[in-house]
Amino acid sequence: VIRPIFLVTDFGLTDTYVGIVKAVILGIAPEARIVDLTHEIPPQDVRAGAFALLMTVQYLPENAVVLAVVDPGVGTARRPRAVQMGGRTLVGPDNGLLSWAVPDPTAAEIIVLDQPQFWLPSVSSTFHGRDIFGPVAAHLACGVSQTRLGTPTDAMVTIPFPAPLIVRDAFGQVEQVTGEIIHVDRYGNLISNLRPSDLPEQAWVIIEHETISRITHTYQAGGPARLVALIGSVGLLEIAVPNGNASAFLEAGVGAPVTIKSVPRRRLRTPSPDPPPQT
Amino acid sequence: VIRPIFLVTDFGLTDTYVGIVKAVILGIAPEARIVDLTHEIPPQDVRAGAFALLMTVQYLPENAVVLAVVDPGVGTARRPRAVQMGGRTLVGPDNGLLSWAVPDPTAAEIIVLDQPQFWLPSVSSTFHGRDIFGPVAAHLACGVSQTRLGTPTDAMVTIPFPAPLIVRDAFGQVEQVTGEIIHVDRYGNLISNLRPSDLPEQAWVIIEHETISRITHTYQAGGPARLVALIGSVGLLEIAVPNGNASAFLEAGVGAPVTIKSVPRRRLRTPSPDPPPQT
Amino acid sequence: VIRPIFLVTDFGLTDTYVGIVKAVILGIAPEARIVDLTHEIPPQDVRAGAFALLMTVQYLPENAVVLAVVDPGVGTARRPRAVQMGGRTLVGPDNGLLSWAVPDPTAAEIIVLDQPQFWLPSVSSTFHGRDIFGPVAAHLACGVSQTRLGTPTDAMVTIPFPAPLIVRDAFGQVEQVTGEIIHVDRYGNLISNLRPSDLPEQAWVIIEHETISRITHTYQAGGPARLVALIGSVGLLEIAVPNGNASAFLEAGVGAPVTIKSVPRRRLRTPSPDPPPQT
């Protein structure tokens with residue numbers, strides 16, 4: 001059985017870079033099934049690539065090979081890596097790109113790719129996706145064991161996932177949580193770094209001087225043309241405008257702060273579908 | 001034999017939403033062949049999605065599965081549907097998206113998807129492409145019968161296809177037809193809702209104060225830098241600029257009116273390649 | 001064994017044109033593996049399509065079928081072609097699009113596609129990618145011999161590859177080479193028409209009043225925020241800004257001249273990592 005290969009790059013689709021990588025893979029593994037996750041990571045934005053992998057890896061087949069290339073340091077000292085987690089293997093440069101998808105590096109098998117017989121015969125210093133990572137992914141897809149492709153290591157460059165700032169009251173209860181927008185999707189939905197476990201039970205969500213009075217379940221739940229806050233499909237708090245674009249409406253993007261305020265119980269005595277006065 | 005799966009969505013290619021749906025499909029149907037029709041339907045534009053399906057469905061293999069997701073009401077009361085027409089099956093939300101591709105719903109087998117054993121174990125209220133429609137398409141591709149996936153129904157939300165306005169003379173002959181632009185393609189070609197059967201035998205085409213004196217067969221037939229009107233590859237009247245962009249040239253887009261005037265026979269006695277004076 | 005099919009078009013990904021071509025191919029060759037090289041050739045830019053093919057063809061599997069459609073003259077006198085080079089076959093309109101990928105037409109087998117039994121039953125005059133080229137590529141993928149698809153010919157429209165202008169001194173040594181930018185990639189890298197063999201051993205690279213004092217091996221070799229000149233992954237001299245966008249930085253695009261000056265030996269006595277004063 002050929003393992004499927006999933007691609008995340010910043011190559012874009014205007015040039016033929018993605019096509020060349022696929023051609024090289026099919027030259028080695030003619031039966032490989034290659035699936036684009038995205039090629040529209042902003043150029044050289046390693047952090048955005050790490051986010052794309054974090055959001056996606058849990059949905060991949062158990063035997064997936066992931067080829068990830070956002071590689072501003074191509075040809076320099078950064079090392080090529082393969083990381084095996086259970087049945088899945090991630091291949092890419094060791095610049096933090098893979099780190100959010102590998103929550104516990106000590107539970108993964110990490111290798112330095114240092115066996116050139118599994119690369120293209122001639123390796124450039126500008127396109128390792130074509131010359132190293134693509135061929136390695138193709139050999140993995142064909143069943144070559146990761147241990148033959150390189151040397152085990154413990155080292156892996158890690159980008160810290162942005163941690164929310166949590167303020168507690170004198171009794172240890174969460175009073176306020178401050179997070180940030182880490183991704184804006186195609187619909188203009190603002191996706192934050194806040195997980196359900198970070199949030200108090202009853203909360204107001206404040207972003208760009210707008211206050212959202214509750215966390216809903218669907219994009220339509222807030223009524224027409226109103227901001228909604230919900231736990232989105234990737235398990236993170238997101239801010240949306242039903243049938244609209246929250247990023248444009250709020251003029252907010254990656255890095256915008258999001259504040260969650262725990263709602264005092266007395267404020268909950270009179271439930272209201274309306275938002276509270278804006279702060 | 002695995003049935004091929006064709007995708008139409010408004011997910012775009014910047015995020016990993018499309019990739020996640022494909023990963024889920026391949027987790028269920030590892031041998032599935034998945035083909036992108038387009039993911040660039042404008043966000044939440046159900047009508048544009050319906051047009052993409054209308055234009056494409058006739059070219060799909062006889063056993064195609066079509067997965068269509070433009071779904072602003074995800075998680076609300078709108079129902080998930082599968083519609084079988086001959087050997088082809090369309091899967092998507094029941095919001096009119098599928099309706100232009102199903103010219104005669106009474107000749108199709110429509111079901112409500114209500115069998116959660118064919119979905120992901122956990123269904124979100126924000127991403128049914130991943131949780132319901134993708135898995136259902138994968139099971140269809142593997143040969144699961146549509147009847148096992150849900151309950152038959154006659155109900156299907158329909159968006160009316162925009163009808164041309166036809167003015168006839170005292171003798172019942174078509175004098176004037178007014179249509180509208182329903183799609184602008186990548187080349188700036190303006191595609192209308194007018195079919196050849198709507199048009200008089202000899203016609204002038206009037207759009208944005210420009211008059212085109214005849215309907216030609218190729219983009220180049222009108223000579224350089226002149227507007228041409230032709231029956232395009234999808235069987236609809238379209239307005240183009242040879243080697244240029246009609247939408248930019250005319251500053252016209254979706255919704256722009258197109259008027260067809262029947263040419264009186266006396267005007268045809270002296271055929272001329274030049275357009276008539278502009279109105 | 002089914003041959004893989006690689007696509008280069010100017011169809012874009014917003015419309016369903018690419019999807020329709022793939023659907024038609026799969027209707028003929030259900031097992032075909034179809035790979036996108038790019039669909040973002042600027043509309044009707046035959047030269048940009050020729051460049052995409054030139055850059056890619058060497059990486060394709062030995063048995064590849066290439067389907068190339070940038071076809072402003074569709075439906076007019078231009079002929080449909082298939083060109084076999086070794087085990088690879090290119091299919092497309094005879095308007096120069098294929099010519100840069102076929103360095104020596106006399107060593108290739110060229111045919112005029114004139115056997116309609118290998119096309120769709122009904123051929124439009126506006127979409128030969130769907131009606132002629134796609135079906136022909138599908139039949140080639142299934143193993144149909146090129147000789148059955150048409151009639152041999154020697155004729156092929158050729159676009160001249162832009163030649164660099166070389167100035168030699170009285171002793172025949174290269175003094176100056178002037179080339180031009182022929183492609184700007186997603187990263188803003190400016191790719192020229194100059195190959196390593198065109199360049200003197202020691203050279204300054206001058207573009208838009210900026211001088212780069214040497215040709216490096218990686219994008220990072222020039223230090224932060226400095227212009228670098230290097231032989232890029234496609235074997236052509238390119239100008240880049242490490243972690244930046246050279247096209248935006250220099251306000252330069254396709255057609256911008258690039259001048260290479262041979263460095264006199266006396267200037268090399270005191271090697272310096274700094275660039276010379278700007279001209």
# chains A, B, ... in the order shown; residues from 1 in each chain; ligands from 1

$ interface_residues --of "chain C" --to "chain B" --cutoff "10 Å" --atoms "only C-alpha atoms" --output "VMD selection string"
chain C and resid 10 to 28 30 to 34 40 42 to 45 71 to 76 123 to 128 130 to 131

$ select_by_dssp --residues "region 56-127 of chain C" --states "strand (DSSP E or B)" --output "PyMOL selection string"
chain C and resi 65-69+80-85+88-93+109-113

$ residues_around --residues "Phe133 (chain B)" --least-positions-apart "2" --cutoff "10 Å" --atoms "only C-alpha atoms" --output "PyMOL selection string"
chain B and resi 21+25+66-69+80-82+90-93+113+118-120+127-131+135-139

$ atom_distance --atom1 "CA of Ala240 (chain A)" --atom2 "CA of Leu227 (chain A)"
5.8 Å

$ atom_distance --atom1 "CA of Glu251 (chain A)" --atom2 "CA of Leu194 (chain A)"
20.0 Å

$ atom_distance --atom1 "CA of Cys142 (chain C)" --atom2 "CA of Arg88 (chain B)"
23.8 Å

$ select_by_dssp --residues "region 15-201 of chain A" --states "alpha helix (DSSP H)" --output "PDB file with N, CA and C atoms, in the first residue's frame"
ATOM      1  N   TYR A  17       6.477  25.594  -9.194  1.00  0.00           N
ATOM      2  CA  TYR A  17       7.259  24.931  -8.142  1.00  0.00           C
ATOM      3  C   TYR A  17       6.525  23.718  -7.553  1.00  0.00           C
ATOM      4  N   VAL A  18       5.233  23.873  -7.264  1.00  0.00           N
ATOM      5  CA  VAL A  18       4.471  22.745  -6.716  1.00  0.00           C
ATOM      6  C   VAL A  18       4.417  21.607  -7.728  1.00  0.00           C
ATOM      7  N   GLY A  19       4.155  21.953  -8.976  1.00  0.00           N
ATOM      8  CA  GLY A  19       4.074  20.936 -10.016  1.00  0.00           C
ATOM      9  C   GLY A  19       5.384  20.187 -10.187  1.00  0.00           C
ATOM     10  N   ILE A  20       6.503  20.903 -10.075  1.00  0.00           N
ATOM     11  CA  ILE A  20       7.806  20.249 -10.196  1.00  0.00           C
ATOM     12  C   ILE A  20       8.009  19.260  -9.054  1.00  0.00           C
ATOM     13  N   VAL A  21       7.651  19.656  -7.836  1.00  0.00           N
ATOM     14  CA  VAL A  21       7.789  18.735  -6.702  1.00  0.00           C
ATOM     15  C   VAL A  21       6.931  17.482  -6.925  1.00  0.00           C
ATOM     16  N   LYS A  22       5.709  17.684  -7.402  1.00  0.00           N
ATOM     17  CA  LYS A  22       4.844  16.524  -7.655  1.00  0.00           C
ATOM     18  C   LYS A  22       5.419  15.639  -8.759  1.00  0.00           C
ATOM     19  N   ALA A  23       5.975  16.267  -9.789  1.00  0.00           N
ATOM     20  CA  ALA A  23       6.571  15.489 -10.883  1.00  0.00           C
ATOM     21  C   ALA A  23       7.731  14.645 -10.355  1.00  0.00           C
ATOM     22  N   VAL A  24       8.552  15.244  -9.506  1.00  0.00           N
ATOM     23  CA  VAL A  24       9.682  14.505  -8.931  1.00  0.00           C
ATOM     24  C   VAL A  24       9.167  13.335  -8.080  1.00  0.00           C
ATOM     25  N   ILE A  25       8.143  13.587  -7.276  1.00  0.00           N
ATOM     26  CA  ILE A  25       7.563  12.514  -6.450  1.00  0.00           C
ATOM     27  C   ILE A  25       7.054  11.382  -7.339  1.00  0.00           C
ATOM     28  N   LEU A  26       6.318  11.727  -8.405  1.00  0.00           N
ATOM     29  CA  LEU A  26       5.747  10.684  -9.267  1.00  0.00           C
ATOM     30  C   LEU A  26       6.825   9.964 -10.067  1.00  0.00           C
ATOM     31  N   GLY A  27       7.965  10.623 -10.280  1.00  0.00           N
ATOM     32  CA  GLY A  27       9.081   9.936 -10.921  1.00  0.00           C
ATOM     33  C   GLY A  27       9.612   8.804 -10.048  1.00  0.00           C
ATOM     34  N   ILE A  28       9.531   8.987  -8.733  1.00  0.00           N
ATOM     35  CA  ILE A  28      10.007   7.971  -7.775  1.00  0.00           C
ATOM     36  C   ILE A  28       8.871   7.017  -7.394  1.00  0.00           C
ATOM     37  N   VAL A  46       6.921  31.068   8.360  1.00  0.00           N
ATOM     38  CA  VAL A  46       7.048  29.752   8.986  1.00  0.00           C
ATOM     39  C   VAL A  46       5.931  29.532  10.001  1.00  0.00           C
ATOM     40  N   ARG A  47       5.579  30.582  10.735  1.00  0.00           N
ATOM     41  CA  ARG A  47       4.546  30.481  11.747  1.00  0.00           C
ATOM     42  C   ARG A  47       3.175  30.161  11.141  1.00  0.00           C
ATOM     43  N   ALA A  48       2.859  30.785  10.021  1.00  0.00           N
ATOM     44  CA  ALA A  48       1.587  30.471   9.360  1.00  0.00           C
ATOM     45  C   ALA A  48       1.587  29.027   8.859  1.00  0.00           C
ATOM     46  N   GLY A  49       2.745  28.553   8.423  1.00  0.00           N
ATOM     47  CA  GLY A  49       2.837  27.155   8.015  1.00  0.00           C
ATOM     48  C   GLY A  49       2.639  26.216   9.200  1.00  0.00           C
ATOM     49  N   ALA A  50       3.225  26.584  10.346  1.00  0.00           N
ATOM     50  CA  ALA A  50       3.050  25.767  11.555  1.00  0.00           C
ATOM     51  C   ALA A  50       1.580  25.704  11.947  1.00  0.00           C
ATOM     52  N   PHE A  51       0.866  26.833  11.810  1.00  0.00           N
ATOM     53  CA  PHE A  51      -0.565  26.850  12.129  1.00  0.00           C
ATOM     54  C   PHE A  51      -1.349  25.934  11.196  1.00  0.00           C
ATOM     55  N   ALA A  52      -1.047  25.999   9.889  1.00  0.00           N
ATOM     56  CA  ALA A  52      -1.754  25.151   8.923  1.00  0.00           C
ATOM     57  C   ALA A  52      -1.580  23.672   9.277  1.00  0.00           C
ATOM     58  N   LEU A  53      -0.373  23.293   9.668  1.00  0.00           N
ATOM     59  CA  LEU A  53      -0.137  21.896  10.038  1.00  0.00           C
ATOM     60  C   LEU A  53      -0.874  21.536  11.323  1.00  0.00           C
ATOM     61  N   LEU A  54      -0.822  22.429  12.302  1.00  0.00           N
ATOM     62  CA  LEU A  54      -1.516  22.177  13.572  1.00  0.00           C
ATOM     63  C   LEU A  54      -3.001  21.907  13.346  1.00  0.00           C
ATOM     64  N   MET A  55      -3.612  22.693  12.475  1.00  0.00           N
ATOM     65  CA  MET A  55      -5.043  22.604  12.260  1.00  0.00           C
ATOM     66  C   MET A  55      -5.446  21.347  11.509  1.00  0.00           C
ATOM     67  N   THR A  56      -4.513  20.778  10.771  1.00  0.00           N
ATOM     68  CA  THR A  56      -4.845  19.752   9.793  1.00  0.00           C
ATOM     69  C   THR A  56      -4.438  18.356  10.205  1.00  0.00           C
ATOM     70  N   HIS A 128      15.122  22.764  -1.953  1.00  0.00           N
ATOM     71  CA  HIS A 128      15.187  21.447  -1.327  1.00  0.00           C
ATOM     72  C   HIS A 128      13.851  20.720  -1.361  1.00  0.00           C
ATOM     73  N   GLY A 134      10.911  16.354  -1.360  1.00  0.00           N
ATOM     74  CA  GLY A 134      10.013  15.626  -2.246  1.00  0.00           C
ATOM     75  C   GLY A 134      10.450  14.187  -2.443  1.00  0.00           C
ATOM     76  N   PRO A 135      11.711  13.970  -2.845  1.00  0.00           N
ATOM     77  CA  PRO A 135      12.164  12.585  -2.997  1.00  0.00           C
ATOM     78  C   PRO A 135      12.043  11.765  -1.710  1.00  0.00           C
ATOM     79  N   VAL A 136      12.367  12.359  -0.554  1.00  0.00           N
ATOM     80  CA  VAL A 136      12.253  11.620   0.708  1.00  0.00           C
ATOM     81  C   VAL A 136      10.797  11.241   0.963  1.00  0.00           C
ATOM     82  N   ALA A 137       9.870  12.188   0.729  1.00  0.00           N
ATOM     83  CA  ALA A 137       8.445  11.871   0.913  1.00  0.00           C
ATOM     84  C   ALA A 137       8.028  10.739  -0.016  1.00  0.00           C
ATOM     85  N   ALA A 138       8.531  10.765  -1.242  1.00  0.00           N
ATOM     86  CA  ALA A 138       8.181   9.712  -2.202  1.00  0.00           C
ATOM     87  C   ALA A 138       8.690   8.353  -1.728  1.00  0.00           C
ATOM     88  N   HIS A 139       9.908   8.317  -1.218  1.00  0.00           N
ATOM     89  CA  HIS A 139      10.437   7.035  -0.721  1.00  0.00           C
ATOM     90  C   HIS A 139       9.647   6.551   0.497  1.00  0.00           C
ATOM     91  N   LEU A 140       9.281   7.481   1.389  1.00  0.00           N
ATOM     92  CA  LEU A 140       8.429   7.095   2.523  1.00  0.00           C
ATOM     93  C   LEU A 140       7.097   6.534   2.022  1.00  0.00           C
ATOM     94  N   ALA A 141       6.513   7.192   1.014  1.00  0.00           N
ATOM     95  CA  ALA A 141       5.228   6.723   0.483  1.00  0.00           C
ATOM     96  C   ALA A 141       5.344   5.307  -0.050  1.00  0.00           C
ATOM     97  N   GLN A 146      11.699   5.041   7.802  1.00  0.00           N
ATOM     98  CA  GLN A 146      12.328   6.312   8.171  1.00  0.00           C
ATOM     99  C   GLN A 146      13.766   6.121   8.652  1.00  0.00           C
ATOM    100  N   THR A 147      14.038   5.015   9.292  1.00  0.00           N
ATOM    101  CA  THR A 147      15.377   4.824   9.870  1.00  0.00           C
ATOM    102  C   THR A 147      16.454   4.728   8.791  1.00  0.00           C
ATOM    103  N   ARG A 148      16.065   4.373   7.566  1.00  0.00           N
ATOM    104  CA  ARG A 148      17.067   4.301   6.497  1.00  0.00           C
ATOM    105  C   ARG A 148      17.360   5.673   5.907  1.00  0.00           C
ATOM    106  N   LEU A 149      16.506   6.669   6.191  1.00  0.00           N
ATOM    107  CA  LEU A 149      16.614   7.961   5.518  1.00  0.00           C
ATOM    108  C   LEU A 149      17.536   8.930   6.232  1.00  0.00           C
TER     109      LEU A 149
END

$ closest_residue --among "C:Ser213, C:Gln115, C:Ser192, C:Thr106" --to "Ala155 (chain C)" --atoms "only C-alpha atoms"
C:Thr106

$ residues_around --residues "Trp204 (chain B)" --least-positions-apart "5" --cutoff "7 Å" --atoms "only C-alpha atoms" --output "PyMOL selection string"
chain B and resi 211-214+260-263

$ residues_around --residues "Ile159 (chain A)" --least-positions-apart "5" --cutoff "8 Å" --atoms "only C-alpha atoms" --output "compact mmCIF listing (two decimals) with C-alpha atoms, in the first residue's frame"
# COMPACT_ATOMS: atom_id res chain seq x y z
CA ARG A 47 4.55 30.48 11.75
CA GLY A 96 9.99 25.42 13.68
CA LEU A 97 7.59 24.71 10.82
CA SER A 99 6.79 22.07 15.77
CA TRP A 100 3.13 22.94 16.44

$ residues_around --residues "Val174 (chain B)" --least-positions-apart "2" --cutoff "12 Å" --atoms "only C-alpha atoms" --output "JSON list (two decimals) with N, CA and C atoms, in the first residue's frame"
[["chain", "number", "residue", "atom", "x", "y", "z"],
["B", 165, "LEU", "N", -36.27, 38.28, -20.53],
["B", 165, "LEU", "CA", -37.52, 38.99, -20.81],
["B", 165, "LEU", "C", -37.66, 39.09, -22.32],
["B", 166, "ILE", "N", -38.74, 38.54, -22.87],
["B", 166, "ILE", "CA", -38.90, 38.47, -24.32],
["B", 166, "ILE", "C", -40.07, 39.35, -24.75],
["B", 167, "VAL", "N", -39.81, 40.26, -25.69],
["B", 167, "VAL", "CA", -40.85, 41.13, -26.23],
["B", 167, "VAL", "C", -41.13, 40.70, -27.66],
["B", 168, "ARG", "N", -42.42, 40.45, -27.95],
["B", 168, "ARG", "CA", -42.79, 40.00, -29.29],
["B", 168, "ARG", "C", -43.58, 41.10, -30.01],
["B", 169, "ASP", "N", -43.53, 41.08, -31.32],
["B", 169, "ASP", "CA", -44.31, 42.07, -32.08],
["B", 169, "ASP", "C", -45.74, 41.56, -32.27],
["B", 170, "ALA", "N", -46.53, 42.34, -33.03],
["B", 170, "ALA", "CA", -47.95, 42.01, -33.20],
["B", 170, "ALA", "C", -48.15, 40.66, -33.88],
["B", 171, "PHE", "N", -47.11, 40.20, -34.60],
["B", 171, "PHE", "CA", -47.22, 38.94, -35.32],
["B", 171, "PHE", "C", -46.63, 37.77, -34.53],
["B", 172, "GLY", "N", -46.21, 38.04, -33.28],
["B", 172, "GLY", "CA", -45.68, 36.97, -32.45],
["B", 172, "GLY", "C", -44.20, 36.72, -32.65],
["B", 176, "GLN", "N", -37.39, 41.73, -29.19],
["B", 176, "GLN", "CA", -36.29, 42.10, -28.29],
["B", 176, "GLN", "C", -36.23, 41.10, -27.15],
["B", 177, "VAL", "N", -35.01, 40.75, -26.74],
["B", 177, "VAL", "CA", -34.81, 39.87, -25.60],
["B", 177, "VAL", "C", -33.87, 40.57, -24.64],
["B", 178, "THR", "N", -34.24, 40.61, -23.37],
["B", 178, "THR", "CA", -33.34, 41.21, -22.39],
["B", 178, "THR", "C", -32.90, 40.15, -21.39],
["B", 197, "SER", "N", -31.57, 29.22, -28.13],
["B", 197, "SER", "CA", -33.01, 29.15, -28.42],
["B", 197, "SER", "C", -33.74, 30.43, -28.02],
["B", 198, "ASP", "N", -33.11, 31.26, -27.19],
["B", 198, "ASP", "CA", -33.75, 32.53, -26.81],
["B", 198, "ASP", "C", -33.56, 33.61, -27.86],
["B", 199, "LEU", "N", -32.68, 33.39, -28.83],
["B", 199, "LEU", "CA", -32.24, 34.47, -29.69],
["B", 199, "LEU", "C", -32.94, 34.44, -31.04],
["B", 200, "PRO", "N", -33.26, 35.63, -31.58],
["B", 200, "PRO", "CA", -33.78, 35.68, -32.95],
["B", 200, "PRO", "C", -32.67, 35.30, -33.93],
["B", 201, "GLU", "N", -33.09, 34.99, -35.17],
["B", 201, "GLU", "CA", -32.13, 34.46, -36.13],
["B", 201, "GLU", "C", -31.02, 35.46, -36.45],
["B", 202, "GLN", "N", -31.42, 36.72, -36.67],
["B", 202, "GLN", "CA", -30.45, 37.79, -36.93],
["B", 202, "GLN", "C", -30.58, 38.79, -35.80],
["B", 203, "ALA", "N", -29.49, 39.10, -35.15],
["B", 203, "ALA", "CA", -29.62, 39.92, -33.94],
["B", 203, "ALA", "C", -28.47, 40.88, -33.77],
["B", 260, "ILE", "N", -30.95, 42.03, -26.76],
["B", 260, "ILE", "CA", -30.82, 41.47, -28.10],
["B", 260, "ILE", "C", -31.95, 42.07, -28.93],
["B", 261, "LYS", "N", -31.60, 42.70, -30.03],
["B", 261, "LYS", "CA", -32.64, 43.25, -30.90],
["B", 261, "LYS", "C", -32.67, 42.46, -32.19],
["B", 262, "SER", "N", -33.85, 42.00, -32.56],
["B", 262, "SER", "CA", -34.01, 41.32, -33.83],
["B", 262, "SER", "C", -33.75, 42.33, -34.95],
["B", 263, "VAL", "N", -33.00, 41.92, -35.96],
["B", 263, "VAL", "CA", -32.64, 42.83, -37.04],
["B", 263, "VAL", "C", -33.72, 42.74, -38.12],
["B", 264, "PRO", "N", -34.38, 43.88, -38.46],
["B", 264, "PRO", "CA", -35.39, 43.86, -39.54],
["B", 264, "PRO", "C", -34.73, 43.40, -40.83]]
